[in-house]
Every structure is written in C-alpha cells, then in structure tokens.
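S.K.: Coordinates in protein00.tsv, TSV, C-alpha atoms, are listed below.
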```tsv
chain	number	residue	atom	x	y	z
A	601	MET	CA	-25.15	-1.19	10.85
A	602	LYS	CA	-22.87	1.84	10.55
A	603	GLU	CA	-23.34	4.24	7.66
A	604	ASN	CA	-20.94	3.60	4.80
A	605	ASN	CA	-18.71	6.64	4.40
A	606	SER	CA	-15.31	5.09	3.65
A	607	VAL	CA	-12.64	7.02	1.78
A	608	ILE	CA	-9.81	5.89	-0.45
A	609	LEU	CA	-6.62	7.93	-0.26
A	610	ARG	CA	-3.90	7.85	-2.89
A	611	GLY	CA	-0.85	9.95	-2.17
A	612	HIS	CA	2.16	10.65	-4.30
A	613	GLN	CA	5.05	13.03	-4.59
A	614	SER	CA	5.54	15.24	-7.59
A	615	ALA	CA	8.32	17.56	-8.65
A	616	VAL	CA	5.67	19.98	-9.92
A	617	ALA	CA	2.03	20.26	-8.92
A	618	GLN	CA	0.71	20.49	-12.47
A	619	ASP	CA	-2.87	21.47	-11.70
A	620	ILE	CA	-2.21	23.96	-8.90
A	621	TRP	CA	0.52	26.55	-9.43
A	622	ASP	CA	3.08	26.86	-6.66
A	623	ALA	CA	1.07	24.67	-4.26
A	624	ALA	CA	3.19	22.52	-1.96
A	625	VAL	CA	0.24	20.15	-1.53
A	626	SER	CA	-2.83	19.67	-3.71
A	627	CYS	CA	-5.82	17.38	-3.30
A	628	GLU	CA	-8.27	16.26	-5.94
A	629	HIS	CA	-11.42	14.57	-4.76
A	630	ARG	CA	-14.27	12.81	-6.50
A	631	ALA	CA	-17.33	10.89	-5.47
A	632	VAL	CA	-17.20	7.17	-6.24
A	633	HIS	CA	-19.71	4.35	-5.86
A	634	GLY	CA	-19.85	1.20	-3.79
A	635	ASP	CA	-18.23	0.61	-0.40
A	636	ILE	CA	-16.08	3.70	-0.97
A	637	VAL	CA	-17.81	7.09	-1.29
A	638	TRP	CA	-14.86	9.45	-1.87
A	639	SER	CA	-11.52	9.14	-3.61
A	640	LEU	CA	-8.79	11.63	-2.67
A	641	ASP	CA	-5.63	12.06	-4.74
A	642	ILE	CA	-3.09	14.00	-2.70
A	643	CYS	CA	-0.02	15.37	-4.48
A	644	VAL	CA	2.96	16.64	-2.48
A	645	GLN	CA	5.82	18.53	-4.06
A	646	GLY	CA	9.28	17.31	-3.15
A	647	GLU	CA	10.23	20.45	-1.23
A	648	ALA	CA	7.18	20.38	1.06
A	649	ALA	CA	8.31	20.23	4.70
A	650	ASP	CA	7.27	17.60	7.23
A	651	GLN	CA	5.84	15.08	4.78
A	652	PRO	CA	4.07	12.32	6.73
A	653	LEU	CA	4.08	8.74	5.53
A	654	GLU	CA	0.96	7.74	3.62
A	655	SER	CA	0.05	5.37	6.47
A	656	GLU	CA	0.33	8.19	9.03
A	657	LEU	CA	-1.79	10.53	6.91
A	658	ALA	CA	-4.44	7.84	6.42
A	659	ALA	CA	-4.59	7.09	10.16
A	660	ALA	CA	-4.87	10.77	11.08
A	661	PHE	CA	-7.54	11.35	8.43
A	662	ALA	CA	-9.52	8.27	9.55
A	663	LYS	CA	-9.49	9.46	13.14
A	664	ALA	CA	-10.37	13.08	12.31
A	665	ALA	CA	-13.12	12.16	9.83
A	666	THR	CA	-14.37	9.21	11.94
A	667	THR	CA	-14.36	6.93	8.92
A	668	THR	CA	-12.35	4.08	7.46
A	669	VAL	CA	-9.63	5.11	5.01
A	670	LEU	CA	-8.05	2.83	2.42
A	671	TYR	CA	-4.65	3.44	0.87
A	672	PRO	CA	-2.63	1.32	-1.61
A	673	ALA	CA	-0.34	-1.40	-0.28
A	674	ALA	CA	3.25	-1.69	-1.51
A	675	GLU	CA	2.65	-5.02	-3.24
A	676	ALA	CA	2.21	-5.07	-7.02
A	677	ILE	CA	-1.29	-6.52	-6.70
A	678	PRO	CA	-3.81	-3.87	-7.91
A	679	SER	CA	-6.48	-4.90	-5.38
A	680	ALA	CA	-4.08	-4.81	-2.38
A	681	TYR	CA	-4.88	-2.00	0.05
A	682	TRP	CA	-4.54	-1.15	3.71
A	683	ALA	CA	-7.62	-0.07	5.66
A	684	VAL	CA	-7.34	2.05	8.79
A	685	THR	CA	-10.35	2.71	11.00
A	686	PRO	CA	-11.14	5.73	13.21
A	687	ASP	CA	-9.96	3.60	16.16
A	688	VAL	CA	-6.65	3.19	14.28
A	689	LEU	CA	-7.14	-0.52	13.54
A	690	LEU	CA	-4.86	-1.28	10.60
A	691	THR	CA	-5.73	-4.26	8.41
A	692	ARG	CA	-5.26	-5.41	4.84
A	693	ALA	CA	-8.18	-4.98	2.46
A	694	ARG	CA	-9.01	-6.22	-1.03
A	695	LEU	CA	-10.59	-3.47	-3.16
A	696	GLU	CA	-12.15	-4.60	-6.42
A	697	LEU	CA	-13.79	-2.61	-9.21
A	698	SER	CA	-16.95	-3.92	-10.83
A	699	ASP	CA	-17.64	-3.89	-14.56
A	700	ASP	CA	-20.68	-1.68	-13.97
A	701	GLU	CA	-20.95	1.85	-15.31
A	702	PRO	CA	-20.05	3.74	-13.21
A	703	PRO	CA	-17.85	1.09	-11.59
A	704	LEU	CA	-18.53	0.09	-8.00
A	705	GLN	CA	-15.52	0.07	-5.68
A	706	GLU	CA	-16.16	-2.89	-3.41
A	707	VAL	CA	-14.10	-4.05	-0.45
A	708	THR	CA	-14.58	-7.80	-0.78
A	709	ALA	CA	-12.25	-8.96	2.00
A	710	VAL	CA	-10.32	-7.72	5.04
A	711	GLU	CA	-7.93	-9.46	7.43
A	712	ALA	CA	-9.73	-8.12	10.52
A	713	PRO	CA	-13.37	-7.07	10.97
A	714	VAL	CA	-14.04	-3.43	10.01
A	715	PRO	CA	-17.37	-2.02	11.26
A	716	GLN	CA	-17.78	0.30	8.25
A	717	LEU	CA	-17.28	-2.63	5.84
A	718	PRO	CA	-19.78	-5.23	7.10
A	719	ARG	CA	-20.04	-7.11	3.77
A	720	ALA	CA	-16.29	-7.75	3.54
A	721	ILE	CA	-15.26	-11.33	4.29
A	722	VAL	CA	-12.63	-11.70	7.04
A	723	THR	CA	-9.81	-13.87	5.68
A	724	ARG	CA	-6.05	-14.14	5.18
A	725	PHE	CA	-4.70	-13.01	1.81
A	726	ALA	CA	-2.69	-15.83	0.26
A	727	GLU	CA	-1.73	-13.62	-2.71
A	728	ILE	CA	0.03	-11.20	-0.34
A	729	VAL	CA	1.99	-13.99	1.36
A	730	ARG	CA	3.15	-15.25	-2.06
A	731	GLU	CA	4.18	-11.71	-3.05
A	732	GLN	CA	6.32	-11.08	0.05
A	733	LYS	CA	9.99	-11.94	0.04
A	734	PRO	CA	11.01	-12.71	3.63
A	735	ASP	CA	14.61	-12.28	4.75
A	736	THR	CA	16.62	-15.49	4.57
A	737	PRO	CA	19.86	-14.75	6.46
A	738	VAL	CA	21.07	-18.38	6.58
A	739	ALA	CA	20.56	-18.87	2.85
A	740	GLU	CA	22.18	-15.50	2.10
A	741	ALA	CA	25.21	-16.33	4.30
A	742	PHE	CA	25.53	-19.72	2.60
A	743	ALA	CA	25.36	-18.13	-0.87
A	744	ALA	CA	28.04	-15.58	0.16
A	745	SER	CA	30.37	-18.32	1.44
A	746	VAL	CA	29.87	-20.37	-1.76
A	747	GLU	CA	30.73	-17.26	-3.81
A	748	GLN	CA	33.89	-16.69	-1.72
A	749	ALA	CA	34.92	-20.33	-2.21
A	750	ARG	CA	34.27	-20.05	-5.97
A	751	GLN	CA	36.41	-16.91	-6.20
A	752	ALA	CA	39.21	-18.52	-4.16
A	753	ALA	CA	39.14	-21.61	-6.39
A	754	SER	CA	39.29	-19.38	-9.47
A	755	VAL	CA	42.36	-17.55	-8.11
A	756	LEU	CA	44.08	-20.86	-7.26
A	757	ALA	CA	43.32	-22.23	-10.73
A	758	ARG	CA	44.88	-19.15	-12.35
A	759	LEU	CA	48.00	-19.45	-10.15
A	760	ALA	CA	48.39	-23.15	-10.98
A	761	ARG	CA	48.51	-22.50	-14.75
A	762	PRO	CA	52.02	-22.58	-16.30
```
Now that the file is in, can you turn its structure into structure tokens?

M.R.:
Amino acid sequence: MKENNSVILRGHQSAVAQDIWDAAVSCEHRAVHGDIVWSLDICVQGEAADQPLESELAAAFAKAATTTVLYPAAEAIPSAYWAVTPDVLLTRARLELSDDEPPLQEVTAVEAPVPQLPRAIVTRFAEIVREQKPDTPVAEAFAASVEQARQAASVLARLARP
C-alpha cells in the first residue's frame, strides 16, 4: 500500500492579500488528519500575471510532489472535489469531515481507483448528476419559438382592438 500523503488545495483570487503585504501570491498551509495530510490555501491577487486554472495548478503540484491533490469542484455540494494523481489521472472524489476532534478529512469515494486512497469506494456520484444542468438545445429552441409566437399574438391582439 502506498504511503498516504495526499494534499487538499483551495485556491482563490483576492483584490488584496490581507496577510502578506504586497504579495501577488500567498499560501497558507496546515497539517490536517485523515486521508489528507496537508491543506493549502493559495491566494492570488487579481493583478498577478499568468494565473493558471485551479485544475492546472493541482495537476502540476500533484506531478511535482508525487502525491494526489484534491481541489473543490464547481458544484454546490460541500463534499464534491476533484482528485488528480501524480500520473495526472483526474477523477471526482467525495471528501467528508468526521465529528472527531480534530476532525478527520476522509475521502470516502472516488469515480476511478486512486492508489493513494485505497479505502475510498469506487462509484458514480448520483448527487453530481442531479446537480448538473445539461444543455437542452431542442427544448430551448422550442421555448424561444413559443415566446416569439406569444409576442406575435400579443401584437395582433393589440392591432385588432378598436
């Protein structure tokens, strides 16, 4: 079994780096417990040049540190994360906090096997599918044509009034 040394990465942009004066980029780190051993909070000021996407930063960090990196998914589900491995395998992950003190950060499920997370169950995430809003071009075109017909009928009704 591989040694557990996974990292969670949370990035965000800030107009002002409050803790570090004049720094374009700052990083706070802290040890955590469970499947994740480090948490990194990276803050980038708006004027910093060449800002990578969070997914690109996580993949580069995973490869350079030879560990799995988790970063928050776009969905509004608090446990929804992406995991990227040193081999640049990208998969969804469910990160849950225990009620223990200090809380354990446990990856309970992934959509593809991750060697550094051997206890995580491999499964599909129904809650993510429900959260996603797929494009519906036929329905959108139909709704637009109904709206055009409604507007045309409204104009004709106004013209027909004495």

S.K.: Pull the closest atom pair for each residue of segment 645-679 of chain A that gets at most 10 Å from segment 620-638 of chain A, along with the distance in Å to one decimal, counting all atoms listed in the file, ordering rows by chain and then ascending residue number, as JSON lines.

M.R.:
```
{"residue": "A:Gln645", "atom": "CA", "partner": "A:Ala624", "partner_atom": "CA", "distance": 5.2}
{"residue": "A:Gly646", "atom": "CA", "partner": "A:Ala624", "partner_atom": "CA", "distance": 8.1}
{"residue": "A:Glu647", "atom": "CA", "partner": "A:Ala624", "partner_atom": "CA", "distance": 7.4}
{"residue": "A:Ala648", "atom": "CA", "partner": "A:Ala624", "partner_atom": "CA", "distance": 5.4}
{"residue": "A:Ala649", "atom": "CA", "partner": "A:Ala624", "partner_atom": "CA", "distance": 8.7}
{"residue": "A:Gln651", "atom": "CA", "partner": "A:Val625", "partner_atom": "CA", "distance": 9.8}
{"residue": "A:Thr668", "atom": "CA", "partner": "A:Ile636", "partner_atom": "CA", "distance": 9.2}
{"residue": "A:Val669", "atom": "CA", "partner": "A:Ile636", "partner_atom": "CA", "distance": 8.9}
{"residue": "A:Leu670", "atom": "CA", "partner": "A:Ile636", "partner_atom": "CA", "distance": 8.8}
```

S.K.: Kindly indicate which residue among A:Gln716, A:Thr691, A:Thr666, A:Thr708 lies nearest to Ser679 of chain A, using all atoms listed in the file for the distances.

M.R.: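 Result for the nearest residue to Ser679 of chain A: A:Thr708.
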
S.K.: Which value, in Å to one decimal, gives the distance between atom CA of Arg761 of chain A and atom CA of Ser745 of chain A?

M.R.: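 We find that atom CA of Arg761 of chain A and atom CA of Ser745 of chain A lie 24.7 Å from each other.
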
S.K.: What lies within 7 Å of segment 694-702 of chain A using only C-alpha atoms, ignoring chain neighbours under 3 positions off, as a ChimeraX atom specification?

M.R.: /A:679-681,705-710

S.K.: With 10 Å as the cut-off and all atoms listed in the file counted, what is the closest atom pair between each nearby residue of segment 638-695 of chain A and segment 724-728 of chain A? Distances in Å to one decimal, ordered by chain and number, as a Markdown table.

M.R.:
```
| residue | atom | partner | partner_atom | distance |
| --- | --- | --- | --- | --- |
| A:Ala673 | CA | A:Ile728 | CA | 9.8 |
| A:Glu675 | CA | A:Ile728 | CA | 7.3 |
| A:Ala676 | CA | A:Ile728 | CA | 9.3 |
| A:Ile677 | CA | A:Ile728 | CA | 8.0 |
| A:Ala680 | CA | A:Ile728 | CA | 7.9 |
| A:Arg692 | CA | A:Phe725 | CA | 8.2 |
| A:Ala693 | CA | A:Phe725 | CA | 8.8 |
| A:Arg694 | CA | A:Phe725 | CA | 8.5 |
```

S.K.: With C-alpha atoms retained, output segment 635-757 of chain A as a compact mmCIF listing (two decimals), in the first residue's frame.

M.R.:
```txt
# COMPACT_ATOMS: atom_id res chain seq x y z
CA ASP A 635 -6.73 10.69 4.26
CA ILE A 636 -5.45 14.23 3.68
CA VAL A 637 -2.26 15.32 5.46
CA TRP A 638 -1.87 18.94 4.29
CA SER A 639 -4.30 21.71 3.41
CA LEU A 640 -3.01 24.57 1.25
CA ASP A 641 -4.94 27.82 0.83
CA ILE A 642 -3.48 29.74 -2.10
CA CYS A 643 -4.49 33.36 -2.57
CA VAL A 644 -3.76 35.17 -5.84
CA GLN A 645 -4.19 38.90 -6.26
CA GLY A 646 -6.12 39.99 -9.33
CA GLU A 647 -3.13 41.65 -10.99
CA ALA A 648 -0.86 38.59 -10.77
CA ALA A 649 0.28 37.58 -14.26
CA ASP A 650 -0.16 34.15 -15.83
CA GLN A 651 -2.70 32.79 -13.37
CA PRO A 652 -3.22 29.07 -14.04
CA LEU A 653 -6.59 27.44 -13.58
CA GLU A 654 -7.02 25.67 -10.26
CA SER A 655 -7.16 22.34 -12.11
CA GLU A 656 -3.84 23.08 -13.88
CA LEU A 657 -2.17 24.10 -10.62
CA ALA A 658 -3.43 20.96 -8.88
CA ALA A 659 -2.18 18.70 -11.70
CA ALA A 660 1.25 20.36 -11.76
CA PHE A 661 1.52 20.18 -7.96
CA ALA A 662 0.45 16.51 -7.91
CA LYS A 663 3.07 15.62 -10.50
CA ALA A 664 5.87 17.64 -8.86
CA ALA A 665 5.08 16.42 -5.33
CA THR A 666 4.28 12.85 -6.48
CA THR A 667 1.07 12.83 -4.49
CA THR A 668 -2.67 13.05 -5.03
CA VAL A 669 -4.12 16.56 -4.81
CA LEU A 670 -7.78 17.37 -4.15
CA TYR A 671 -9.42 20.65 -5.10
CA PRO A 672 -13.06 21.79 -4.79
CA ALA A 673 -15.49 21.01 -7.61
CA ALA A 674 -17.75 23.72 -9.03
CA GLU A 675 -20.93 22.08 -7.75
CA ALA A 676 -22.58 23.48 -4.62
CA ILE A 677 -22.15 20.18 -2.78
CA PRO A 678 -19.64 20.71 0.08
CA SER A 679 -18.16 17.21 -0.23
CA ALA A 680 -17.63 17.45 -4.03
CA TYR A 681 -13.96 17.55 -5.00
CA TRP A 682 -11.70 16.63 -7.88
CA ALA A 683 -8.69 14.40 -7.23
CA VAL A 684 -5.66 14.46 -9.51
CA THR A 685 -2.87 11.91 -9.16
CA PRO A 686 0.85 12.24 -9.95
CA ASP A 687 0.11 10.37 -13.20
CA VAL A 688 -2.45 13.12 -13.96
CA LEU A 689 -5.49 10.86 -13.55
CA LEU A 690 -8.41 13.22 -12.89
CA THR A 691 -11.43 11.82 -11.04
CA ARG A 692 -14.20 13.05 -8.80
CA ALA A 693 -13.81 12.50 -5.07
CA ARG A 694 -16.10 12.78 -2.06
CA LEU A 695 -14.32 14.40 0.91
CA GLU A 696 -16.11 14.18 4.24
CA LEU A 697 -15.22 15.60 7.65
CA SER A 698 -15.73 13.48 10.75
CA ASP A 699 -17.20 14.74 14.01
CA ASP A 700 -13.95 13.85 15.80
CA GLU A 701 -11.72 16.44 17.42
CA PRO A 702 -9.61 17.23 15.49
CA PRO A 703 -11.81 16.30 12.52
CA LEU A 704 -10.62 13.62 10.12
CA GLN A 705 -10.74 14.51 6.43
CA GLU A 706 -11.73 11.25 4.76
CA VAL A 707 -12.07 10.55 1.06
CA THR A 708 -14.96 8.09 1.15
CA ALA A 709 -15.50 7.63 -2.59
CA VAL A 710 -13.87 8.26 -5.98
CA GLU A 711 -15.06 7.66 -9.54
CA ALA A 712 -11.82 5.91 -10.54
CA PRO A 713 -9.31 3.99 -8.41
CA VAL A 714 -6.65 6.22 -6.80
CA PRO A 715 -3.61 4.35 -5.42
CA GLN A 716 -3.05 6.87 -2.60
CA LEU A 717 -6.69 6.49 -1.47
CA PRO A 718 -7.11 2.71 -1.13
CA ARG A 719 -10.05 2.90 1.33
CA ALA A 720 -12.18 5.05 -1.00
CA ILE A 721 -15.04 3.19 -2.68
CA VAL A 722 -15.10 3.43 -6.49
CA THR A 723 -18.58 4.54 -7.55
CA ARG A 724 -20.55 7.05 -9.63
CA PHE A 725 -21.81 10.14 -7.82
CA ALA A 726 -25.57 10.43 -8.28
CA GLU A 727 -25.63 13.74 -6.39
CA ILE A 728 -23.33 15.28 -9.01
CA VAL A 729 -25.50 14.08 -11.90
CA ARG A 730 -28.57 15.62 -10.23
CA GLU A 731 -26.69 18.90 -9.71
CA GLN A 732 -25.60 19.27 -13.34
CA LYS A 733 -27.77 21.13 -15.81
CA PRO A 734 -27.07 19.69 -19.27
CA ASP A 735 -27.66 21.78 -22.38
CA THR A 736 -31.07 21.21 -23.94
CA PRO A 737 -30.91 22.91 -27.36
CA VAL A 738 -34.18 21.42 -28.68
CA ALA A 739 -36.13 22.48 -25.60
CA GLU A 740 -34.50 25.93 -25.66
CA ALA A 741 -35.34 26.38 -29.37
CA PHE A 742 -38.93 25.30 -28.71
CA ALA A 743 -39.25 27.74 -25.79
CA ALA A 744 -37.86 30.56 -27.97
CA SER A 745 -40.34 29.82 -30.79
CA VAL A 746 -43.25 29.69 -28.30
CA GLU A 747 -42.15 33.08 -26.92
CA GLN A 748 -41.99 34.53 -30.46
CA ALA A 749 -45.48 33.20 -31.21
CA ARG A 750 -46.78 34.65 -27.92
CA GLN A 751 -45.30 38.07 -28.74
CA ALA A 752 -46.73 37.97 -32.28
CA ALA A 753 -50.17 37.05 -30.93
CA SER A 754 -49.95 39.91 -28.42
CA VAL A 755 -49.12 42.40 -31.21
CA LEU A 756 -52.01 41.11 -33.37
CA ALA A 757 -54.40 41.35 -30.42
```
